[in-house]
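Visitor: Next comes protein-v8.cif, mmCIF, C-alpha atoms:
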```cif
data_input
#
loop_
_atom_site.group_PDB
_atom_site.id
_atom_site.type_symbol
_atom_site.label_atom_id
_atom_site.label_comp_id
_atom_site.auth_asym_id
_atom_site.auth_seq_id
_atom_site.Cartn_x
_atom_site.Cartn_y
_atom_site.Cartn_z
ATOM 1 C CA MET O 1 79.974 94.164 123.283
ATOM 2 C CA LYS O 2 82.340 96.991 124.107
ATOM 3 C CA PHE O 3 83.786 94.932 126.914
ATOM 4 C CA ALA O 4 84.278 91.961 124.612
ATOM 5 C CA ALA O 5 85.961 94.202 122.050
ATOM 6 C CA SER O 6 88.290 95.555 124.711
ATOM 7 C CA LEU O 7 89.178 92.041 125.721
ATOM 8 C CA ALA O 8 89.875 91.139 122.105
ATOM 9 C CA ALA O 9 92.087 94.188 121.712
ATOM 10 C CA ALA O 10 93.905 93.354 124.918
ATOM 11 C CA ALA O 11 94.387 89.786 123.727
ATOM 12 C CA ALA O 12 95.781 91.014 120.427
ATOM 13 C CA ALA O 13 98.098 93.351 122.314
ATOM 14 C CA ALA O 14 99.306 90.532 124.528
ATOM 15 C CA ALA O 15 99.800 88.230 121.547
ATOM 16 C CA PHE O 16 102.126 90.680 119.834
ATOM 17 C CA ALA O 17 103.709 92.029 123.031
ATOM 18 C CA ALA O 18 104.359 95.380 121.334
ATOM 19 C CA PRO O 19 103.865 98.998 122.378
ATOM 20 C CA ALA O 20 100.257 100.232 122.288
ATOM 21 C CA SER O 21 100.994 102.145 119.105
ATOM 22 C CA ALA O 22 102.174 99.048 117.310
ATOM 23 C CA GLN O 23 99.312 96.589 117.354
ATOM 24 C CA PHE O 24 97.635 94.700 114.572
ATOM 25 C CA ALA O 25 94.367 92.849 114.355
ATOM 26 C CA LYS O 26 96.117 89.780 112.926
ATOM 27 C CA ALA O 27 99.523 88.568 111.734
ATOM 28 C CA GLU O 28 98.475 89.108 108.105
ATOM 29 C CA ASP O 29 97.966 92.811 108.807
ATOM 30 C CA ALA O 30 101.333 93.103 110.536
ATOM 31 C CA ILE O 31 103.068 91.518 107.541
ATOM 32 C CA LYS O 32 101.159 93.665 105.070
ATOM 33 C CA TYR O 33 101.996 96.729 107.153
ATOM 34 C CA ARG O 34 105.740 96.116 107.257
ATOM 35 C CA GLN O 35 105.801 95.256 103.543
ATOM 36 C CA SER O 36 103.837 98.408 102.750
ATOM 37 C CA ALA O 37 106.084 100.664 104.801
ATOM 38 C CA LEU O 38 109.230 99.096 103.335
ATOM 39 C CA PHE O 39 107.878 99.451 99.788
ATOM 40 C CA VAL O 40 106.979 103.118 100.252
ATOM 41 C CA MET O 41 110.379 103.785 101.823
ATOM 42 C CA GLY O 42 112.139 101.920 99.021
ATOM 43 C CA GLN O 43 110.424 103.984 96.345
ATOM 44 C CA HIS O 44 111.503 107.269 97.904
ATOM 45 C CA PHE O 45 114.962 105.974 98.732
ATOM 46 C CA GLY O 46 115.368 104.803 95.150
ATOM 47 C CA ARG O 47 114.584 108.280 93.862
ATOM 48 C CA ILE O 48 117.431 109.678 95.936
ATOM 49 C CA GLY O 49 119.626 106.886 94.623
ATOM 50 C CA ALA O 50 118.807 107.861 91.053
ATOM 51 C CA MET O 51 120.197 111.320 91.766
ATOM 52 C CA ALA O 52 123.151 110.036 93.763
ATOM 53 C CA ASN O 53 124.080 107.694 90.925
ATOM 54 C CA GLY O 54 123.641 110.325 88.224
ATOM 55 C CA ARG O 55 120.746 108.589 86.481
ATOM 56 C CA VAL O 56 118.540 111.636 86.860
ATOM 57 C CA PRO O 57 119.516 115.269 87.297
ATOM 58 C CA TYR O 58 120.083 116.348 90.876
ATOM 59 C CA ASP O 59 117.028 118.167 92.232
ATOM 60 C CA ALA O 60 117.821 119.427 95.728
ATOM 61 C CA LYS O 61 114.181 120.089 96.654
ATOM 62 C CA ALA O 62 113.016 116.659 95.508
ATOM 63 C CA ALA O 63 115.911 115.046 97.377
ATOM 64 C CA VAL O 64 114.791 116.712 100.602
ATOM 65 C CA GLU O 65 111.151 115.716 100.056
ATOM 66 C CA ASN O 66 112.130 112.111 99.426
ATOM 67 C CA ALA O 67 114.523 112.044 102.388
ATOM 68 C CA GLU O 68 111.782 113.418 104.650
ATOM 69 C CA VAL O 69 109.526 110.506 103.710
ATOM 70 C CA VAL O 70 112.391 108.043 104.230
ATOM 71 C CA ALA O 71 113.188 109.516 107.661
ATOM 72 C CA THR O 72 109.574 109.224 108.801
ATOM 73 C CA VAL O 73 108.754 105.843 107.290
ATOM 74 C CA ALA O 74 112.068 104.262 108.409
ATOM 75 C CA LYS O 75 110.638 104.183 111.922
ATOM 76 C CA LEU O 76 107.591 102.143 110.997
ATOM 77 C CA PRO O 77 108.193 98.671 109.534
ATOM 78 C CA TRP O 78 109.732 97.135 112.669
ATOM 79 C CA ALA O 79 106.476 97.132 114.617
ATOM 80 C CA GLY O 80 105.218 94.678 112.001
ATOM 81 C CA PHE O 81 107.807 92.033 112.909
ATOM 82 C CA GLY O 82 106.307 91.124 116.298
ATOM 83 C CA ALA O 83 106.135 87.624 117.717
ATOM 84 C CA GLY O 84 103.772 85.436 115.729
ATOM 85 C CA THR O 85 104.178 87.355 112.485
ATOM 86 C CA GLU O 86 106.627 84.986 110.816
ATOM 87 C CA LYS O 87 103.700 83.639 108.796
ATOM 88 C CA GLY O 88 100.148 84.657 107.829
ATOM 89 C CA ARG O 89 100.843 86.099 104.396
ATOM 90 C CA ASP O 90 103.514 85.653 101.716
ATOM 91 C CA THR O 91 106.706 87.007 103.154
ATOM 92 C CA ARG O 92 110.413 86.990 102.403
ATOM 93 C CA ALA O 93 111.238 87.532 106.068
ATOM 94 C CA LYS O 94 113.675 84.826 107.204
ATOM 95 C CA PRO O 95 112.978 82.910 110.446
ATOM 96 C CA GLU O 96 116.311 84.265 111.713
ATOM 97 C CA ILE O 97 114.516 87.551 112.422
ATOM 98 C CA TRP O 98 112.806 85.892 115.373
ATOM 99 C CA LEU O 99 115.798 83.698 116.293
ATOM 100 C CA GLU O 100 118.373 86.498 116.373
ATOM 101 C CA PRO O 101 116.335 89.467 117.618
ATOM 102 C CA ALA O 102 119.325 91.436 118.907
ATOM 103 C CA LYS O 103 121.024 91.262 115.526
ATOM 104 C CA PHE O 104 117.817 92.274 113.747
ATOM 105 C CA LYS O 105 117.317 95.143 116.184
ATOM 106 C CA ASP O 106 120.866 96.282 115.495
ATOM 107 C CA HIS O 107 120.067 96.537 111.767
ATOM 108 C CA GLN O 108 116.913 98.549 112.515
ATOM 109 C CA GLU O 109 118.853 100.955 114.691
ATOM 110 C CA LYS O 110 121.529 101.411 112.060
ATOM 111 C CA LEU O 111 118.916 102.420 109.497
ATOM 112 C CA GLN O 112 117.188 104.729 111.944
ATOM 113 C CA ALA O 113 120.565 106.364 112.581
ATOM 114 C CA GLU O 114 121.319 106.722 108.865
ATOM 115 C CA ALA O 115 117.903 108.031 107.764
ATOM 116 C CA PRO O 116 118.139 111.364 109.639
ATOM 117 C CA LYS O 117 121.723 111.730 108.362
ATOM 118 C CA LEU O 118 120.431 111.251 104.824
ATOM 119 C CA LEU O 119 117.864 113.983 105.410
ATOM 120 C CA ALA O 120 120.493 116.302 106.873
ATOM 121 C CA ALA O 121 122.701 115.599 103.865
ATOM 122 C CA ALA O 122 119.834 116.340 101.458
ATOM 123 C CA ARG O 123 119.270 119.651 103.224
ATOM 124 C CA THR O 124 122.849 120.765 102.544
ATOM 125 C CA SER O 125 121.945 120.869 98.821
ATOM 126 C CA ASN O 126 125.397 119.425 98.156
ATOM 127 C CA LEU O 127 125.272 116.437 95.831
ATOM 128 C CA ASP O 128 128.562 114.939 97.037
ATOM 129 C CA THR O 129 127.333 115.061 100.620
ATOM 130 C CA LEU O 130 124.091 113.405 99.522
ATOM 131 C CA LYS O 131 125.992 110.690 97.644
ATOM 132 C CA THR O 132 128.023 109.820 100.732
ATOM 133 C CA ALA O 133 124.952 109.648 102.976
ATOM 134 C CA PHE O 134 123.011 107.664 100.383
ATOM 135 C CA GLY O 135 125.838 105.116 100.148
ATOM 136 C CA ALA O 136 125.920 104.662 103.905
ATOM 137 C CA ALA O 137 122.148 104.264 104.127
ATOM 138 C CA ALA O 138 122.092 101.841 101.181
ATOM 139 C CA ARG O 139 124.679 99.675 102.930
ATOM 140 C CA THR O 140 122.450 99.395 105.998
ATOM 141 C CA CYS O 141 119.521 98.305 103.802
ATOM 142 C CA LYS O 142 121.691 95.722 102.052
ATOM 143 C CA GLY O 143 123.209 94.476 105.296
ATOM 144 C CA CYS O 144 119.794 93.679 106.729
ATOM 145 C CA HIS O 145 118.476 92.187 103.495
ATOM 146 C CA ASP O 146 121.537 89.946 103.193
ATOM 147 C CA ASP O 147 121.007 88.607 106.701
ATOM 148 C CA PHE O 148 117.247 88.528 107.037
ATOM 149 C CA ARG O 149 115.480 88.600 103.673
ATOM 150 C CA LYS O 150 114.996 85.624 101.385
ATOM 151 C CA GLU O 151 115.929 86.027 97.717
ATOM 152 C CA MET J 152 113.917 91.628 93.206
ATOM 153 C CA LYS J 153 117.351 92.203 94.646
ATOM 154 C CA PHE J 154 117.983 95.499 96.383
ATOM 155 C CA ALA J 155 120.387 96.799 93.732
ATOM 156 C CA ALA J 156 117.928 95.788 91.026
ATOM 157 C CA SER J 157 115.038 97.585 92.704
ATOM 158 C CA LEU J 158 117.167 100.692 93.051
ATOM 159 C CA ALA J 159 118.005 100.458 89.362
ATOM 160 C CA ALA J 160 114.319 100.049 88.497
ATOM 161 C CA ALA J 161 113.399 103.108 90.535
ATOM 162 C CA ALA J 162 116.209 104.987 88.864
ATOM 163 C CA ALA J 163 115.030 103.927 85.410
ATOM 164 C CA ALA J 164 111.530 105.087 86.287
ATOM 165 C CA ALA J 165 112.836 108.424 87.455
ATOM 166 C CA ALA J 166 114.453 108.931 84.057
ATOM 167 C CA PHE J 167 111.016 109.327 82.440
ATOM 168 C CA ALA J 168 108.751 112.401 82.542
ATOM 169 C CA ALA J 169 106.417 113.546 85.392
ATOM 170 C CA PRO J 170 107.458 115.393 88.524
ATOM 171 C CA ALA J 171 110.615 113.870 89.998
ATOM 172 C CA SER J 172 108.788 112.955 93.196
ATOM 173 C CA ALA J 173 105.993 111.076 91.492
ATOM 174 C CA GLN J 174 107.553 108.478 89.242
ATOM 175 C CA PHE J 175 107.297 104.726 89.085
ATOM 176 C CA ALA J 176 109.017 102.053 87.048
ATOM 177 C CA LYS J 177 105.663 100.623 85.950
ATOM 178 C CA ALA J 178 101.927 100.911 86.622
ATOM 179 C CA GLU J 179 102.122 97.921 88.955
ATOM 180 C CA ASP J 180 104.546 99.802 91.197
ATOM 181 C CA ALA J 181 102.364 102.911 91.230
ATOM 182 C CA ILE J 182 99.356 100.827 92.270
ATOM 183 C CA LYS J 183 101.371 98.959 94.899
ATOM 184 C CA TYR J 184 102.721 102.277 96.166
ATOM 185 C CA ARG J 185 99.333 103.923 96.607
ATOM 186 C CA GLN J 186 97.892 100.771 98.197
ATOM 187 C CA SER J 187 100.870 100.580 100.548
ATOM 188 C CA ALA J 188 100.630 104.204 101.614
ATOM 189 C CA LEU J 189 96.863 103.949 102.112
ATOM 190 C CA PHE J 190 97.245 100.753 104.143
ATOM 191 C CA VAL J 191 99.904 102.256 106.424
ATOM 192 C CA MET J 192 97.802 105.382 106.857
ATOM 193 C CA GLY J 193 94.706 103.300 107.561
ATOM 194 C CA GLN J 194 96.445 101.329 110.281
ATOM 195 C CA HIS J 195 97.547 104.439 112.132
ATOM 196 C CA PHE J 196 94.236 106.194 111.538
ATOM 197 C CA GLY J 197 92.421 103.134 112.867
ATOM 198 C CA ARG J 198 94.415 103.276 116.096
ATOM 199 C CA ILE J 199 93.235 106.828 116.660
ATOM 200 C CA GLY J 200 89.708 105.683 115.853
ATOM 201 C CA ALA J 201 89.940 102.929 118.455
ATOM 202 C CA MET J 202 90.654 105.608 121.070
ATOM 203 C CA ALA J 203 88.054 108.010 119.696
ATOM 204 C CA ASN J 204 85.437 105.261 119.820
ATOM 205 C CA GLY J 205 86.409 104.035 123.263
ATOM 206 C CA ARG J 206 87.548 100.604 122.093
ATOM 207 C CA VAL J 207 90.975 101.131 123.648
ATOM 208 C CA PRO J 208 91.992 103.494 126.447
ATOM 209 C CA TYR J 209 92.954 106.998 125.368
ATOM 210 C CA ASP J 210 96.734 107.376 125.213
ATOM 211 C CA ALA J 211 97.567 110.976 124.319
ATOM 212 C CA LYS J 212 101.174 110.231 123.339
ATOM 213 C CA ALA J 213 100.195 107.334 121.091
ATOM 214 C CA ALA J 214 97.479 109.479 119.508
ATOM 215 C CA VAL J 215 100.058 112.116 118.581
ATOM 216 C CA GLU J 216 102.487 109.515 117.202
ATOM 217 C CA ASN J 217 99.760 107.977 115.074
ATOM 218 C CA ALA J 218 98.489 111.356 113.887
ATOM 219 C CA GLU J 219 102.023 112.339 112.876
ATOM 220 C CA VAL J 220 102.264 109.302 110.638
ATOM 221 C CA VAL J 221 98.814 110.016 109.185
ATOM 222 C CA ALA J 222 99.746 113.648 108.476
ATOM 223 C CA THR J 223 102.923 112.630 106.632
ATOM 224 C CA VAL J 224 101.562 109.631 104.751
ATOM 225 C CA ALA J 225 98.326 111.412 103.735
ATOM 226 C CA LYS J 226 100.400 113.346 101.209
ATOM 227 C CA LEU J 227 101.702 110.266 99.418
ATOM 228 C CA PRO J 228 99.133 107.955 97.813
ATOM 229 C CA TRP J 229 97.933 110.423 95.171
ATOM 230 C CA ALA J 230 101.149 110.288 93.162
ATOM 231 C CA GLY J 231 100.315 106.633 92.531
ATOM 232 C CA PHE J 232 97.114 107.469 90.640
ATOM 233 C CA GLY J 233 98.816 108.877 87.538
ATOM 234 C CA ALA J 234 97.650 108.336 83.973
ATOM 235 C CA GLY J 235 97.967 104.708 82.920
ATOM 236 C CA THR J 236 97.717 103.307 86.443
ATOM 237 C CA GLU J 237 94.089 102.243 86.258
ATOM 238 C CA LYS J 238 95.320 98.687 85.725
ATOM 239 C CA GLY J 239 98.504 96.632 86.161
ATOM 240 C CA ARG J 240 97.732 95.017 89.505
ATOM 241 C CA ASP J 241 94.592 94.116 91.450
ATOM 242 C CA THR J 242 92.982 97.375 92.417
ATOM 243 C CA ARG J 243 89.695 98.650 93.785
ATOM 244 C CA ALA J 244 90.236 102.043 92.198
ATOM 245 C CA LYS J 245 87.201 102.935 90.071
ATOM 246 C CA PRO J 246 87.690 104.217 86.501
ATOM 247 C CA GLU J 247 85.916 107.395 87.633
ATOM 248 C CA ILE J 248 89.201 108.471 89.265
ATOM 249 C CA TRP J 249 90.606 109.149 85.816
ATOM 250 C CA LEU J 250 87.300 110.377 84.363
ATOM 251 C CA GLU J 251 86.534 112.908 87.104
ATOM 252 C CA PRO J 252 90.000 114.121 88.095
ATOM 253 C CA ALA J 253 88.803 117.419 89.585
ATOM 254 C CA LYS J 254 86.421 115.618 91.911
ATOM 255 C CA PHE J 255 89.109 113.112 92.917
ATOM 256 C CA LYS J 256 91.548 115.940 93.527
ATOM 257 C CA ASP J 257 88.979 117.658 95.716
ATOM 258 C CA HIS J 258 88.771 114.551 97.921
ATOM 259 C CA GLN J 259 92.575 114.424 98.217
ATOM 260 C CA GLU J 260 92.701 118.057 99.239
ATOM 261 C CA LYS J 261 90.000 117.567 101.843
ATOM 262 C CA LEU J 262 92.009 114.765 103.462
ATOM 263 C CA GLN J 263 95.197 116.774 103.327
ATOM 264 C CA ALA J 264 93.343 119.605 105.061
ATOM 265 C CA GLU J 265 91.926 117.295 107.743
ATOM 266 C CA ALA J 266 95.123 115.362 108.507
ATOM 267 C CA PRO J 267 97.020 118.339 110.004
ATOM 268 C CA LYS J 268 93.867 119.262 111.964
ATOM 269 C CA LEU J 269 93.799 115.741 113.364
ATOM 270 C CA LEU J 270 97.425 116.104 114.439
ATOM 271 C CA ALA J 271 96.726 119.474 116.028
ATOM 272 C CA ALA J 272 93.756 117.956 117.853
ATOM 273 C CA ALA J 273 95.884 115.040 119.083
ATOM 274 C CA ARG J 274 98.421 117.508 120.435
ATOM 275 C CA THR J 275 95.787 119.188 122.625
ATOM 276 C CA SER J 276 95.635 115.950 124.670
ATOM 277 C CA ASN J 277 91.875 116.483 124.862
ATOM 278 C CA LEU J 278 89.925 113.370 123.914
ATOM 279 C CA ASP J 279 86.764 115.257 122.916
ATOM 280 C CA THR J 280 88.773 117.466 120.564
ATOM 281 C CA LEU J 281 90.405 114.363 119.112
ATOM 282 C CA LYS J 282 87.011 112.688 118.630
ATOM 283 C CA THR J 283 85.695 115.662 116.668
ATOM 284 C CA ALA J 284 88.758 115.823 114.420
ATOM 285 C CA PHE J 285 88.737 112.063 113.932
ATOM 286 C CA GLY J 286 85.093 112.178 112.861
ATOM 287 C CA ALA J 287 85.769 114.895 110.307
ATOM 288 C CA ALA J 288 88.777 113.051 108.890
ATOM 289 C CA ALA J 289 86.883 109.761 108.773
ATOM 290 C CA ARG J 290 84.131 111.415 106.761
ATOM 291 C CA THR J 291 86.664 112.547 104.149
ATOM 292 C CA CYS J 292 87.988 108.982 103.859
ATOM 293 C CA LYS J 293 84.462 107.626 103.482
ATOM 294 C CA GLY J 294 83.447 110.309 101.000
ATOM 295 C CA CYS J 295 86.279 109.371 98.663
ATOM 296 C CA HIS J 296 85.794 105.632 99.113
ATOM 297 C CA ASP J 297 82.077 105.959 98.382
ATOM 298 C CA ASP J 298 82.794 107.787 95.132
ATOM 299 C CA PHE J 299 85.980 106.158 93.919
ATOM 300 C CA ARG J 300 86.589 102.773 95.527
ATOM 301 C CA LYS J 301 84.956 99.515 94.517
ATOM 302 C CA GLU J 302 83.401 97.371 97.234
#
```
Take the structure from the file and write it as structure tokens.
Guide:
Amino acid sequence: MKFAASLAAAAAAAAFAAPASAQFAKAEDAIKYRQSALFVMGQHFGRIGAMANGRVPYDAKAAVENAEVVATVAKLPWAGFGAGTEKGRDTRAKPEIWLEPAKFKDHQEKLQAEAPKLLAAARTSNLDTLKTAFGAAARTCKGCHDDFRKE
Amino acid sequence: MKFAASLAAAAAAAAFAAPASAQFAKAEDAIKYRQSALFVMGQHFGRIGAMANGRVPYDAKAAVENAEVVATVAKLPWAGFGAGTEKGRDTRAKPEIWLEPAKFKDHQEKLQAEAPKLLAAARTSNLDTLKTAFGAAARTCKGCHDDFRKE
């Protein structure tokens, strides 16, 4: 039984060809995982945006807390876009993700470069610095959505 | 929803009451948020469990990476259980969550005590230590699910 389970896990690993830390039992789980991580990140990112755009009062501590979550969670969704995960659950992911992997990877890397900068900016407790970093990060989100997310 | 629109929605939500870090545009978003955070946490926790239970080979580095995500994300779901979020989207949350808040809070605190211990155990690179910490953390998950999650 254990042996069979190991084989199944190995097969799943091979099917998704991802690092050991990035495996899913089935495509549906991978899609749900990336959607979940992106939603959580979006909520926290949006709270920083509300401060950056003056819709809520600037709260330096809350900005740091939200930016910490963004910086951590920004690393996660990409593991959920492995081969074979273009379907299996409702998704707005465009097929181009799997047809233009280098371009998609470039977007991921841009966000993962901006997220720590956003956190560093939040830690300065300077709202103007935060606004600038938020704008840059928001442009990376939008750039990827424009290219790879259906309306 | 378009990116700008979702940012605006998050901003609108942030304009209303509650701690700045714990606000949602609508109950549906709060439910989706807590489900998302719990799903992401569950995936990473499950990968540690697969090692602890011998279903996949022990990989000390992967265990630490997964435990880091668990430790960060374990702090998040609870903000999504605010007043008025017992409905608004399919949920397995039992009404008892809002009727027995002290008991629910106790479960949250137990997990948030176990998650850093799990990370510390992962960092020892000792599988037996990891197994013990995983077992303790898993019992806190189960304890809360038994009391507060529908089948």
Visitor: Using Å and a single decimal, report how far atom CA of J:Val207 sits from atom CA of J:Lys268.
Guide: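 Interatomic distance here is 21.8 Å.
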Visitor: Atom CA of O:Lys26 and atom CA of O:Arg89 are how many Å apart?
Guide: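 Atom CA of O:Lys26 sits 10.4 Å away from atom CA of O:Arg89.
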Visitor: After fitting chain J to chain O over all Cα atoms matched in order, what RMSD is left?
Guide: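 C-alpha RMSD after optimal superposition stands at 3.8 Å.
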Visitor: On this structure, which residues satisfy the PyMOL selection byres ((chain O) within 9 of (chain J)), written as a ChimeraX atom specification?
Guide: /O:2-3,5-6,9-10,20-24,29,32-40,42-51,53,55-57,59,62-63,65-66,69,72-73,76,138,141-142,145,151
Visitor: State, in Å with one decimal place, the distance from atom CA of O:Glu28 to atom CA of O:Ile97.
Guide: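 Computing it gives 16.7 Å between the two atoms.
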Visitor: Around (91.2, 118.7, 105.0) in the file's own coordinates, what residues are found within 12 Å if you use all atoms listed in the file, given back as a list in words?
Guide: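 The residues that fall inside the cut-off are Ala222, Ala225, Lys226, Lys256, Asp257, His258, Gln259, Glu260, Lys261, Leu262, Gln263, Ala264, Glu265, Ala266, Pro267, Lys268, Leu269, Leu270, Ala284, Phe285, Gly286, Ala287, Ala288, Ala289, Arg290, Thr291 and Cys292 of chain J.
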Visitor: Would you give the centre and edge lengths, in Å to one decimal, of a box along x, y and z around the listed atoms of stretch 240-249 of chain J, with 6 Å added to each side, as JSON?
Guide:
```
{"center_x": 91.8, "center_y": 101.6, "center_z": 89.8, "size_x": 23.8, "size_y": 27.0, "size_z": 20.0}
```
Visitor: Please identify all polymer residues lying at most 7 Å from the point (103.3, 90.1, 112.5) (file coordinates), using only C-alpha atoms, and present the result as a list in words.
Guide: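 Checking each residue against the 7 Å limit leaves Ala27, Glu28, Ala30, Ile31, Gly80, Phe81, Gly82, Ala83, Gly84, Thr85 and Glu86 of chain O.
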Visitor: Could those selected residues go to a file with C-alpha atoms, as a compact mmCIF listing (two decimals), in the coordinates of the input?
Guide:
```txt
# COMPACT_ATOMS: atom_id res chain seq x y z
CA ALA O 27 99.52 88.57 111.73
CA GLU O 28 98.48 89.11 108.10
CA ALA O 30 101.33 93.10 110.54
CA ILE O 31 103.07 91.52 107.54
CA GLY O 80 105.22 94.68 112.00
CA PHE O 81 107.81 92.03 112.91
CA GLY O 82 106.31 91.12 116.30
CA ALA O 83 106.14 87.62 117.72
CA GLY O 84 103.77 85.44 115.73
CA THR O 85 104.18 87.36 112.48
CA GLU O 86 106.63 84.99 110.82
```
